[in-house]
Amino acid sequence: MSKEELLMKMGKAIIEGNKDEAEALAKEAVEKKIDLNEVIEKGYVPGIQKVGDLWEKGEYFLPELITGAECMKTAMDVLKPELEKAQITTKSQGKVVIGTVEGDIHDIGKNLVASMLSANGFEVFDLGADVKLESFIEKAEEEQVDLICLSALLTTTMLGQRKVIELLREKNMSGQFKILVGGAPVNQKWAKDIGADGYAENAMVAVKVAKSSLKNK
Amino acid sequence: MTTAIEKVKNFKIEIDEEKILRLIGYKKKSPKVNDSTKNLIAEEKKKLDYLLHPVSIHTILSYEETNKHPIFKNAEKIALCICTIGPELEEKIKELMNNNEMLRALILDAFGSEAVEEVAIQSDKLLAEKARKMNSWPSKRFSPGYGKWDIKEQQFVFQALPSQDIGVRLTESYMMIPQKSISFRINFYKNKKLSTRKIE
């Protein structure tokens, strides 16, 4: 199989949600010593972009997006150790710290956002659920991230999103990180009221909002 | 007077796969659902036999036995109920997420939401029937956090019922664990006009 053919098949595997194929092609690329940046940028990334486009057009739905992200992760799990071995740096859309705020253990929505961001080229630091509010800021500082994504599924815990923004203000760190909020009780108005930079109603919108908020950074 | 507490276990849970499709993001008029998603739904559905452990616990209090929240005003009796499907399904979801099986996790989560709702529907029906046997008229069911019944009232529900008997606990932020749990109240009225519920 030629390199071009291999790259084309990689994109197709993501679009079709074929995890086994995505993994096998990544292994083949490693064996054939193909430039891994090219594998990612010209092989897999166009695939996940196409998945996003099909979602925008209403042809794909959340399950296809998730499957696309699963395929990306499967491929990246093969490529990452090789990238590290060869000390190759890949193009990143930005660094993100994400978690569900203190007092809230819901994590499936947050995990979907994390995997979608990751599949779309963000470097994601997932702190999990029931995360102490200070920990978001500590991790954001430590990793010099661009974005903090705060998930809350309860009316009682969504207040934690506001608290993180207040904590940043108290520490004179406002504006240092973009803040995105999400979760069932959260809406655009709440995001605006608490001074968040963006609100995402679902995982794919989160990717779009994350990209656009960093454009303005 | 000691208030009777009743535990119910004999729930029969049937879930329509169409509802799962809606919950995982397909719209009613979605042009097509791919076969692999349909297969995943069918496969996850099979796991429900061993992952669902539906159970509920309820009690019926007189107004005097409640915390006299304004929401209970005019009710002769107040039924309180906690329903759950147990922790097993949630543990499986975690396992799937850790194994990069996000879609399977989402499907199972949707099944869990539907299943616990079904337990609540059947418990609600049972309590409404009890109300009628007591010559009372039941209200619709309401959960803490909705309308004028603040989420903090979860504490009252959990004080009135030994939730540990069905394996449900409340966190400081009034969240129930297992997450697939529902708590609710039904007011029993003597005056039919006070009940907003349609009785068959």
# chains A, B, ... in the order shown; residues from 1 in each chain; ligands from 1
>>> select_by_dssp(residues="chain B", states="helix (DSSP H, G or I)", output="ChimeraX atom specification")
/B:17-23,35-51,63-65,70-72,88-98,102-133,151-160,163-166,192-194
>>> closest_atom_pairs(of="stretch 11-101 of chain A", to="stretch 90-100 of chain B", cutoff="9 Å", atoms="only C-alpha atoms", output="JSON lines")
{"residue": "A:Glu70", "atom": "CA", "partner": "B:Asn100", "partner_atom": "CA", "distance": 6.1}
{"residue": "A:Cys71", "atom": "CA", "partner": "B:Asn100", "partner_atom": "CA", "distance": 9.0}
{"residue": "A:Lys73", "atom": "CA", "partner": "B:Asn100", "partner_atom": "CA", "distance": 7.6}
{"residue": "A:Thr74", "atom": "CA", "partner": "B:Asn100", "partner_atom": "CA", "distance": 7.9}
>>> closest_atom_pairs(of="chain A", to="chain B", cutoff="7 Å", atoms="only C-alpha atoms", output="JSON lines")
{"residue": "A:Phe61", "atom": "CA", "partner": "B:Tyr26", "partner_atom": "CA", "distance": 6.0}
{"residue": "A:Leu62", "atom": "CA", "partner": "B:Gly25", "partner_atom": "CA", "distance": 5.2}
{"residue": "A:Pro63", "atom": "CA", "partner": "B:Leu103", "partner_atom": "CA", "distance": 6.2}
{"residue": "A:Ile66", "atom": "CA", "partner": "B:Leu103", "partner_atom": "CA", "distance": 6.0}
{"residue": "A:Thr67", "atom": "CA", "partner": "B:Leu103", "partner_atom": "CA", "distance": 6.6}
{"residue": "A:Glu70", "atom": "CA", "partner": "B:Asn100", "partner_atom": "CA", "distance": 6.1}
{"residue": "A:Gly103", "atom": "CA", "partner": "B:Ser173", "partner_atom": "CA", "distance": 5.7}
{"residue": "A:Thr156", "atom": "CA", "partner": "B:Ser173", "partner_atom": "CA", "distance": 6.2}
{"residue": "A:Thr157", "atom": "CA", "partner": "B:Ser173", "partner_atom": "CA", "distance": 6.9}
>>> write_last_selection(atoms="N, CA and C atoms", output="compact mmCIF listing (two decimals), in the first residue's frame")
# COMPACT_ATOMS: atom_id res chain seq x y z
N PHE A 61 -24.69 11.95 13.87
CA PHE A 61 -25.24 12.31 15.19
C PHE A 61 -24.20 11.99 16.26
N LEU A 62 -24.57 12.24 17.51
CA LEU A 62 -23.61 12.04 18.59
C LEU A 62 -22.91 10.67 18.55
N PRO A 63 -23.63 9.57 18.31
CA PRO A 63 -22.93 8.26 18.29
C PRO A 63 -21.79 8.20 17.28
N ILE A 66 -18.86 10.15 18.66
CA ILE A 66 -18.17 9.43 19.72
C ILE A 66 -17.31 8.31 19.13
N THR A 67 -17.88 7.60 18.17
CA THR A 67 -17.12 6.51 17.56
C THR A 67 -15.88 7.05 16.87
N GLU A 70 -13.40 7.71 19.50
CA GLU A 70 -12.83 6.43 20.00
C GLU A 70 -11.75 5.93 19.04
N GLY A 103 -18.20 18.17 44.65
CA GLY A 103 -19.55 17.83 45.11
C GLY A 103 -20.40 17.13 44.07
N THR A 156 -26.96 22.68 42.60
CA THR A 156 -26.16 22.99 43.79
C THR A 156 -24.67 23.11 43.45
N THR A 157 -24.21 22.31 42.50
CA THR A 157 -22.77 22.31 42.23
C THR A 157 -22.36 23.29 41.12
>>> residues_around(residues="A:Glu82", least_positions_apart="3", cutoff="12 Å", atoms="only C-alpha atoms", output="ChimeraX atom specification")
/A:26-27,29-31,33-37,75-79,85-90
>>> write_last_selection(atoms="N, CA and C atoms", output="compact mmCIF listing (two decimals), in the first residue's frame")
# COMPACT_ATOMS: atom_id res chain seq x y z
N ALA A 26 -2.41 2.49 11.98
CA ALA A 26 -1.40 3.20 12.78
C ALA A 26 -0.17 2.31 12.96
N LYS A 27 -0.42 1.03 13.22
CA LYS A 27 0.70 0.09 13.40
C LYS A 27 1.51 -0.04 12.12
N ALA A 29 1.79 2.18 9.78
CA ALA A 29 2.55 3.42 9.56
C ALA A 29 3.83 3.42 10.39
N VAL A 30 3.72 2.92 11.61
CA VAL A 30 4.91 2.86 12.49
C VAL A 30 5.93 1.89 11.89
N GLU A 31 5.44 0.74 11.48
CA GLU A 31 6.34 -0.26 10.88
C GLU A 31 7.05 0.28 9.64
N LYS A 33 7.73 3.21 9.06
CA LYS A 33 8.48 4.43 9.43
C LYS A 33 8.03 5.67 8.65
N ILE A 34 6.76 5.80 8.50
CA ILE A 34 6.21 6.99 7.85
C ILE A 34 6.23 8.14 8.85
N ASP A 35 6.50 9.34 8.37
CA ASP A 35 6.53 10.54 9.23
C ASP A 35 5.23 10.61 10.05
N LEU A 36 5.36 10.52 11.36
CA LEU A 36 4.17 10.41 12.21
C LEU A 36 3.34 11.69 12.23
N ASN A 37 3.99 12.81 12.06
CA ASN A 37 3.22 14.06 11.99
C ASN A 37 2.32 14.06 10.76
N ALA A 75 -6.00 5.02 17.58
CA ALA A 75 -4.84 5.27 16.71
C ALA A 75 -3.74 6.01 17.49
N MET A 76 -4.17 7.01 18.26
CA MET A 76 -3.18 7.81 19.00
C MET A 76 -2.47 6.99 20.07
N ASP A 77 -3.18 6.02 20.63
CA ASP A 77 -2.55 5.15 21.63
C ASP A 77 -1.40 4.35 21.02
N VAL A 78 -1.50 4.07 19.72
CA VAL A 78 -0.41 3.38 19.02
C VAL A 78 0.71 4.38 18.72
N LEU A 79 0.31 5.58 18.30
CA LEU A 79 1.31 6.56 17.82
C LEU A 79 2.05 7.29 18.94
N LYS A 85 9.10 8.40 21.94
CA LYS A 85 10.40 7.76 21.71
C LYS A 85 11.27 8.62 20.79
N ALA A 86 10.65 9.10 19.74
CA ALA A 86 11.39 9.88 18.75
C ALA A 86 11.43 11.36 19.11
N GLN A 87 10.87 11.71 20.26
CA GLN A 87 10.80 13.11 20.72
C GLN A 87 10.23 14.05 19.66
N ILE A 88 9.17 13.57 19.04
CA ILE A 88 8.50 14.39 18.01
C ILE A 88 7.35 15.14 18.67
N THR A 89 7.28 16.44 18.42
CA THR A 89 6.13 17.20 18.95
C THR A 89 5.07 17.34 17.85
N THR A 90 3.83 17.19 18.27
CA THR A 90 2.75 17.28 17.29
C THR A 90 2.03 18.62 17.45
>>> residues_around(residues="A:Val164", least_positions_apart="5", cutoff="12 Å", atoms="only C-alpha atoms", output="PyMOL selection string")
chain A and resi 99-102+131-138+140+148-151+157-159+169-171+173-174+177-181+194-196
>>> write_last_selection(atoms="C-alpha atoms", output="PDB file, in the first residue's frame")
ATOM      1  CA  GLY A  99     -13.225  18.194  35.297  1.00  0.00           C
ATOM      2  CA  THR A 100     -16.559  18.002  37.065  1.00  0.00           C
ATOM      3  CA  VAL A 101     -16.641  20.417  39.987  1.00  0.00           C
ATOM      4  CA  GLU A 102     -16.500  19.570  43.670  1.00  0.00           C
ATOM      5  CA  VAL A 131     -12.614  18.032  41.689  1.00  0.00           C
ATOM      6  CA  LYS A 132     -11.600  20.568  44.323  1.00  0.00           C
ATOM      7  CA  LEU A 133     -12.001  24.031  42.826  1.00  0.00           C
ATOM      8  CA  GLU A 134      -8.429  25.055  43.705  1.00  0.00           C
ATOM      9  CA  SER A 135      -7.156  21.994  41.843  1.00  0.00           C
ATOM     10  CA  PHE A 136      -8.416  23.349  38.518  1.00  0.00           C
ATOM     11  CA  ILE A 137      -6.326  26.472  38.982  1.00  0.00           C
ATOM     12  CA  GLU A 138      -3.279  24.619  40.276  1.00  0.00           C
ATOM     13  CA  ALA A 140      -3.930  25.071  34.875  1.00  0.00           C
ATOM     14  CA  ILE A 148     -10.331  25.448  31.893  1.00  0.00           C
ATOM     15  CA  CYS A 149     -13.498  23.421  31.238  1.00  0.00           C
ATOM     16  CA  LEU A 150     -15.872  23.129  34.186  1.00  0.00           C
ATOM     17  CA  SER A 151     -18.708  20.634  34.176  1.00  0.00           C
ATOM     18  CA  THR A 157     -22.772  22.313  42.228  1.00  0.00           C
ATOM     19  CA  MET A 158     -22.963  24.692  39.278  1.00  0.00           C
ATOM     20  CA  LEU A 159     -22.136  27.404  41.809  1.00  0.00           C
ATOM     21  CA  ARG A 169     -10.141  37.048  40.175  1.00  0.00           C
ATOM     22  CA  GLU A 170      -8.949  36.971  43.788  1.00  0.00           C
ATOM     23  CA  LYS A 171      -5.591  35.669  42.632  1.00  0.00           C
ATOM     24  CA  MET A 173      -5.367  35.676  37.331  1.00  0.00           C
ATOM     25  CA  SER A 174      -8.476  36.721  35.395  1.00  0.00           C
ATOM     26  CA  PHE A 177      -7.124  31.107  31.105  1.00  0.00           C
ATOM     27  CA  LYS A 178     -10.294  30.942  29.055  1.00  0.00           C
ATOM     28  CA  ILE A 179     -13.161  29.378  30.986  1.00  0.00           C
ATOM     29  CA  LEU A 180     -15.759  27.129  29.379  1.00  0.00           C
ATOM     30  CA  VAL A 181     -18.759  25.814  31.304  1.00  0.00           C
ATOM     31  CA  ILE A 194     -20.609  34.408  35.986  1.00  0.00           C
ATOM     32  CA  GLY A 195     -18.115  35.800  33.468  1.00  0.00           C
ATOM     33  CA  ALA A 196     -17.222  32.561  31.687  1.00  0.00           C
TER      34      ALA A 196
END
>>> residues_around(residues="A:Ala69", least_positions_apart="6", cutoff="7 Å", atoms="only C-alpha atoms", output="compact mmCIF listing (two decimals) with C-alpha atoms, in the first residue's frame")
# COMPACT_ATOMS: atom_id res chain seq x y z
CA SER A 115 -12.52 12.70 24.36
CA MET A 116 -13.95 14.97 21.67
CA ALA A 119 -9.75 13.72 19.17
>>> closest_residue(among="B:Glu6, B:Asp124, B:Asp165, B:Glu76", to="B:Ser183", atoms="only C-alpha atoms")
B:Asp124
>>> select_by_dssp(residues="stretch 33-115 of chain B", states="strand (DSSP E or B)", output="PDB file with N, CA and C atoms, in the first residue's frame")
ATOM      1  N   VAL B  55     -35.234  -1.487  42.860  1.00  0.00           N
ATOM      2  CA  VAL B  55     -35.841  -1.594  44.187  1.00  0.00           C
ATOM      3  C   VAL B  55     -36.318  -0.196  44.611  1.00  0.00           C
ATOM      4  N   SER B  56     -37.364  -0.164  45.401  1.00  0.00           N
ATOM      5  CA  SER B  56     -37.792   1.140  45.927  1.00  0.00           C
ATOM      6  C   SER B  56     -38.204   0.975  47.379  1.00  0.00           C
ATOM      7  N   ILE B  57     -38.258   2.087  48.067  1.00  0.00           N
ATOM      8  CA  ILE B  57     -38.683   2.088  49.457  1.00  0.00           C
ATOM      9  C   ILE B  57     -39.622   3.282  49.642  1.00  0.00           C
ATOM     10  N   HIS B  58     -40.720   3.057  50.366  1.00  0.00           N
ATOM     11  CA  HIS B  58     -41.630   4.187  50.556  1.00  0.00           C
ATOM     12  C   HIS B  58     -42.296   4.160  51.927  1.00  0.00           C
ATOM     13  N   THR B  59     -42.850   5.283  52.270  1.00  0.00           N
ATOM     14  CA  THR B  59     -43.622   5.394  53.495  1.00  0.00           C
ATOM     15  C   THR B  59     -44.743   6.408  53.260  1.00  0.00           C
ATOM     16  N   ILE B  60     -45.769   6.313  54.081  1.00  0.00           N
ATOM     17  CA  ILE B  60     -46.861   7.292  53.968  1.00  0.00           C
ATOM     18  C   ILE B  60     -47.005   7.965  55.334  1.00  0.00           C
ATOM     19  N   LEU B  61     -46.769   9.273  55.336  1.00  0.00           N
ATOM     20  CA  LEU B  61     -46.790  10.025  56.596  1.00  0.00           C
ATOM     21  C   LEU B  61     -48.043  10.877  56.702  1.00  0.00           C
ATOM     22  N   SER B  62     -48.418  11.156  57.947  1.00  0.00           N
ATOM     23  CA  SER B  62     -49.477  12.151  58.136  1.00  0.00           C
ATOM     24  C   SER B  62     -48.799  13.525  58.042  1.00  0.00           C
ATOM     25  N   LYS B  77     -52.229  13.047  53.794  1.00  0.00           N
ATOM     26  CA  LYS B  77     -51.071  12.155  53.927  1.00  0.00           C
ATOM     27  C   LYS B  77     -50.044  12.546  52.866  1.00  0.00           C
ATOM     28  N   ILE B  78     -48.811  12.170  53.131  1.00  0.00           N
ATOM     29  CA  ILE B  78     -47.751  12.433  52.160  1.00  0.00           C
ATOM     30  C   ILE B  78     -46.954  11.140  51.973  1.00  0.00           C
ATOM     31  N   ALA B  79     -46.902  10.685  50.740  1.00  0.00           N
ATOM     32  CA  ALA B  79     -46.105   9.487  50.445  1.00  0.00           C
ATOM     33  C   ALA B  79     -44.723   9.938  50.001  1.00  0.00           C
ATOM     34  N   LEU B  80     -43.694   9.306  50.556  1.00  0.00           N
ATOM     35  CA  LEU B  80     -42.316   9.597  50.156  1.00  0.00           C
ATOM     36  C   LEU B  80     -41.709   8.311  49.617  1.00  0.00           C
ATOM     37  N   CYS B  81     -40.929   8.447  48.575  1.00  0.00           N
ATOM     38  CA  CYS B  81     -40.400   7.243  47.935  1.00  0.00           C
ATOM     39  C   CYS B  81     -38.992   7.480  47.380  1.00  0.00           C
ATOM     40  N   ILE B  82     -38.135   6.482  47.487  1.00  0.00           N
ATOM     41  CA  ILE B  82     -36.811   6.510  46.841  1.00  0.00           C
ATOM     42  C   ILE B  82     -36.700   5.248  45.988  1.00  0.00           C
ATOM     43  N   CYS B  83     -36.292   5.427  44.744  1.00  0.00           N
ATOM     44  CA  CYS B  83     -36.152   4.301  43.809  1.00  0.00           C
ATOM     45  C   CYS B  83     -34.706   4.251  43.308  1.00  0.00           C
ATOM     46  N   THR B  84     -34.251   3.072  42.992  1.00  0.00           N
ATOM     47  CA  THR B  84     -32.906   2.949  42.404  1.00  0.00           C
ATOM     48  C   THR B  84     -32.831   1.691  41.543  1.00  0.00           C
TER      49      THR B  84
END
>>> atom_distance(atom1="atom CA of A:Ala184", atom2="atom CA of A:Asp104")
12.2 Å
>>> residues_around(residues="stretch 118-120 of chain B", least_positions_apart="2", cutoff="10 Å", atoms="only C-alpha atoms", output="MDAnalysis selection string")
chainID B and resid 8:15 54:56 81:85 112:116 122:126 141 181:184
>>> write_last_selection(atoms="N, CA and C atoms", output="PDB file, in the first residue's frame")
ATOM      1  N   VAL B   8     -40.097  -2.427  47.951  1.00  0.00           N
ATOM      2  CA  VAL B   8     -40.686  -3.141  46.806  1.00  0.00           C
ATOM      3  C   VAL B   8     -39.571  -3.570  45.845  1.00  0.00           C
ATOM      4  N   LYS B   9     -39.640  -4.810  45.421  1.00  0.00           N
ATOM      5  CA  LYS B   9     -38.563  -5.303  44.541  1.00  0.00           C
ATOM      6  C   LYS B   9     -39.053  -5.870  43.214  1.00  0.00           C
ATOM      7  N   ASN B  10     -40.318  -6.207  43.156  1.00  0.00           N
ATOM      8  CA  ASN B  10     -40.783  -6.956  41.986  1.00  0.00           C
ATOM      9  C   ASN B  10     -41.123  -6.058  40.785  1.00  0.00           C
ATOM     10  N   PHE B  11     -40.122  -5.325  40.325  1.00  0.00           N
ATOM     11  CA  PHE B  11     -40.365  -4.461  39.159  1.00  0.00           C
ATOM     12  C   PHE B  11     -40.008  -5.211  37.881  1.00  0.00           C
ATOM     13  N   LYS B  12     -40.838  -5.003  36.896  1.00  0.00           N
ATOM     14  CA  LYS B  12     -40.539  -5.606  35.596  1.00  0.00           C
ATOM     15  C   LYS B  12     -40.171  -4.444  34.663  1.00  0.00           C
ATOM     16  N   ILE B  13     -38.948  -4.415  34.243  1.00  0.00           N
ATOM     17  CA  ILE B  13     -38.485  -3.264  33.461  1.00  0.00           C
ATOM     18  C   ILE B  13     -38.414  -3.607  31.968  1.00  0.00           C
ATOM     19  N   GLU B  14     -39.199  -2.896  31.192  1.00  0.00           N
ATOM     20  CA  GLU B  14     -39.157  -3.044  29.730  1.00  0.00           C
ATOM     21  C   GLU B  14     -38.719  -1.695  29.161  1.00  0.00           C
ATOM     22  N   ILE B  15     -37.735  -1.694  28.302  1.00  0.00           N
ATOM     23  CA  ILE B  15     -37.283  -0.419  27.736  1.00  0.00           C
ATOM     24  C   ILE B  15     -37.358  -0.442  26.213  1.00  0.00           C
ATOM     25  N   PRO B  54     -33.531  -3.278  40.336  1.00  0.00           N
ATOM     26  CA  PRO B  54     -34.512  -2.267  40.723  1.00  0.00           C
ATOM     27  C   PRO B  54     -35.145  -2.525  42.084  1.00  0.00           C
ATOM     28  N   VAL B  55     -35.234  -1.487  42.860  1.00  0.00           N
ATOM     29  CA  VAL B  55     -35.841  -1.594  44.187  1.00  0.00           C
ATOM     30  C   VAL B  55     -36.318  -0.196  44.611  1.00  0.00           C
ATOM     31  N   SER B  56     -37.364  -0.164  45.401  1.00  0.00           N
ATOM     32  CA  SER B  56     -37.792   1.140  45.927  1.00  0.00           C
ATOM     33  C   SER B  56     -38.204   0.975  47.379  1.00  0.00           C
ATOM     34  N   CYS B  81     -40.929   8.447  48.575  1.00  0.00           N
ATOM     35  CA  CYS B  81     -40.400   7.243  47.935  1.00  0.00           C
ATOM     36  C   CYS B  81     -38.992   7.480  47.380  1.00  0.00           C
ATOM     37  N   ILE B  82     -38.135   6.482  47.487  1.00  0.00           N
ATOM     38  CA  ILE B  82     -36.811   6.510  46.841  1.00  0.00           C
ATOM     39  C   ILE B  82     -36.700   5.248  45.988  1.00  0.00           C
ATOM     40  N   CYS B  83     -36.292   5.427  44.744  1.00  0.00           N
ATOM     41  CA  CYS B  83     -36.152   4.301  43.809  1.00  0.00           C
ATOM     42  C   CYS B  83     -34.706   4.251  43.308  1.00  0.00           C
ATOM     43  N   THR B  84     -34.251   3.072  42.992  1.00  0.00           N
ATOM     44  CA  THR B  84     -32.906   2.949  42.404  1.00  0.00           C
ATOM     45  C   THR B  84     -32.831   1.691  41.543  1.00  0.00           C
ATOM     46  N   ILE B  85     -31.771   1.638  40.731  1.00  0.00           N
ATOM     47  CA  ILE B  85     -31.510   0.392  39.985  1.00  0.00           C
ATOM     48  C   ILE B  85     -30.219  -0.255  40.486  1.00  0.00           C
ATOM     49  N   GLY B 112     -29.903   3.020  31.766  1.00  0.00           N
ATOM     50  CA  GLY B 112     -30.026   3.217  33.210  1.00  0.00           C
ATOM     51  C   GLY B 112     -31.027   4.311  33.547  1.00  0.00           C
ATOM     52  N   SER B 113     -30.971   5.416  32.791  1.00  0.00           N
ATOM     53  CA  SER B 113     -31.904   6.528  33.032  1.00  0.00           C
ATOM     54  C   SER B 113     -33.344   6.081  32.797  1.00  0.00           C
ATOM     55  N   GLU B 114     -33.530   5.352  31.705  1.00  0.00           N
ATOM     56  CA  GLU B 114     -34.882   4.867  31.395  1.00  0.00           C
ATOM     57  C   GLU B 114     -35.361   3.861  32.438  1.00  0.00           C
ATOM     58  N   ALA B 115     -34.433   3.011  32.889  1.00  0.00           N
ATOM     59  CA  ALA B 115     -34.804   1.962  33.846  1.00  0.00           C
ATOM     60  C   ALA B 115     -35.237   2.564  35.175  1.00  0.00           C
ATOM     61  N   VAL B 116     -34.476   3.526  35.668  1.00  0.00           N
ATOM     62  CA  VAL B 116     -34.841   4.102  36.976  1.00  0.00           C
ATOM     63  C   VAL B 116     -36.140   4.923  36.858  1.00  0.00           C
ATOM     64  N   GLN B 122     -43.595   3.018  38.068  1.00  0.00           N
ATOM     65  CA  GLN B 122     -44.342   1.904  38.681  1.00  0.00           C
ATOM     66  C   GLN B 122     -44.570   2.139  40.177  1.00  0.00           C
ATOM     67  N   SER B 123     -43.598   2.762  40.851  1.00  0.00           N
ATOM     68  CA  SER B 123     -43.767   3.064  42.283  1.00  0.00           C
ATOM     69  C   SER B 123     -44.855   4.121  42.466  1.00  0.00           C
ATOM     70  N   ASP B 124     -44.851   5.089  41.569  1.00  0.00           N
ATOM     71  CA  ASP B 124     -45.848   6.155  41.594  1.00  0.00           C
ATOM     72  C   ASP B 124     -47.257   5.570  41.436  1.00  0.00           C
ATOM     73  N   LYS B 125     -47.377   4.627  40.518  1.00  0.00           N
ATOM     74  CA  LYS B 125     -48.664   3.986  40.258  1.00  0.00           C
ATOM     75  C   LYS B 125     -49.142   3.227  41.508  1.00  0.00           C
ATOM     76  N   LEU B 126     -48.217   2.521  42.105  1.00  0.00           N
ATOM     77  CA  LEU B 126     -48.525   1.757  43.312  1.00  0.00           C
ATOM     78  C   LEU B 126     -49.025   2.678  44.430  1.00  0.00           C
ATOM     79  N   ARG B 141     -46.452  13.046  41.001  1.00  0.00           N
ATOM     80  CA  ARG B 141     -45.231  12.911  41.813  1.00  0.00           C
ATOM     81  C   ARG B 141     -44.292  14.097  41.554  1.00  0.00           C
ATOM     82  N   SER B 181     -30.903   7.005  40.659  1.00  0.00           N
ATOM     83  CA  SER B 181     -31.889   6.913  41.737  1.00  0.00           C
ATOM     84  C   SER B 181     -32.827   8.101  41.595  1.00  0.00           C
ATOM     85  N   ILE B 182     -34.061   7.916  42.042  1.00  0.00           N
ATOM     86  CA  ILE B 182     -35.056   8.998  41.984  1.00  0.00           C
ATOM     87  C   ILE B 182     -35.779   9.032  43.323  1.00  0.00           C
ATOM     88  N   SER B 183     -35.958  10.238  43.870  1.00  0.00           N
ATOM     89  CA  SER B 183     -36.772  10.363  45.082  1.00  0.00           C
ATOM     90  C   SER B 183     -37.965  11.256  44.740  1.00  0.00           C
ATOM     91  N   PHE B 184     -39.080  10.998  45.374  1.00  0.00           N
ATOM     92  CA  PHE B 184     -40.248  11.842  45.093  1.00  0.00           C
ATOM     93  C   PHE B 184     -41.272  11.783  46.220  1.00  0.00           C
TER      94      PHE B 184
END
>>> decode(residues="stretch 134-181 of chain B", atoms="C-alpha atoms", output="compact mmCIF listing (two decimals), in the first residue's frame")
# COMPACT_ATOMS: atom_id res chain seq x y z
CA MET B 134 -57.43 5.15 51.53
CA ASN B 135 -60.20 7.20 49.91
CA SER B 136 -57.74 9.96 49.10
CA TRP B 137 -56.83 11.66 45.85
CA PRO B 138 -53.14 11.54 44.89
CA SER B 139 -51.21 14.47 43.42
CA LYS B 140 -48.69 13.92 40.66
CA ARG B 141 -45.23 12.91 41.81
CA PHE B 142 -42.71 15.66 42.51
CA SER B 143 -38.99 15.36 43.22
CA PRO B 144 -36.88 17.66 45.39
CA GLY B 145 -35.37 20.38 43.23
CA TYR B 146 -38.51 20.90 41.19
CA GLY B 147 -40.96 23.76 41.66
CA LYS B 148 -41.24 25.07 45.19
CA TRP B 149 -39.68 21.99 46.73
CA ASP B 150 -36.02 22.88 47.06
CA ILE B 151 -33.32 20.29 46.40
CA LYS B 152 -32.31 20.65 50.08
CA GLU B 153 -35.56 18.88 50.98
CA GLN B 154 -33.79 15.70 49.92
CA GLN B 155 -32.56 15.69 53.49
CA PHE B 156 -36.11 15.37 54.80
CA VAL B 157 -36.87 12.49 52.42
CA PHE B 158 -33.69 10.70 53.48
CA GLN B 159 -34.44 11.26 57.16
CA ALA B 160 -37.90 9.77 56.73
CA LEU B 161 -36.73 6.69 54.84
CA PRO B 162 -33.95 4.20 55.69
CA SER B 163 -32.35 4.64 52.27
CA GLN B 164 -29.41 2.44 53.26
CA ASP B 165 -31.82 -0.51 53.13
CA ILE B 166 -31.88 -0.13 49.35
CA GLY B 167 -28.27 1.02 49.08
CA VAL B 168 -28.89 4.70 48.32
CA ARG B 169 -27.09 7.54 50.05
CA LEU B 170 -27.17 11.29 49.82
CA THR B 171 -24.07 13.44 49.36
CA GLU B 172 -23.52 16.87 50.91
CA SER B 173 -24.60 18.42 47.62
CA TYR B 174 -27.88 16.45 47.82
CA MET B 175 -26.87 14.12 45.05
CA MET B 176 -28.02 10.53 45.28
CA ILE B 177 -25.60 7.64 44.94
CA PRO B 178 -26.12 5.46 42.91
CA GLN B 179 -26.79 8.27 40.45
CA LYS B 180 -29.55 6.29 38.81
CA SER B 181 -31.89 6.91 41.74
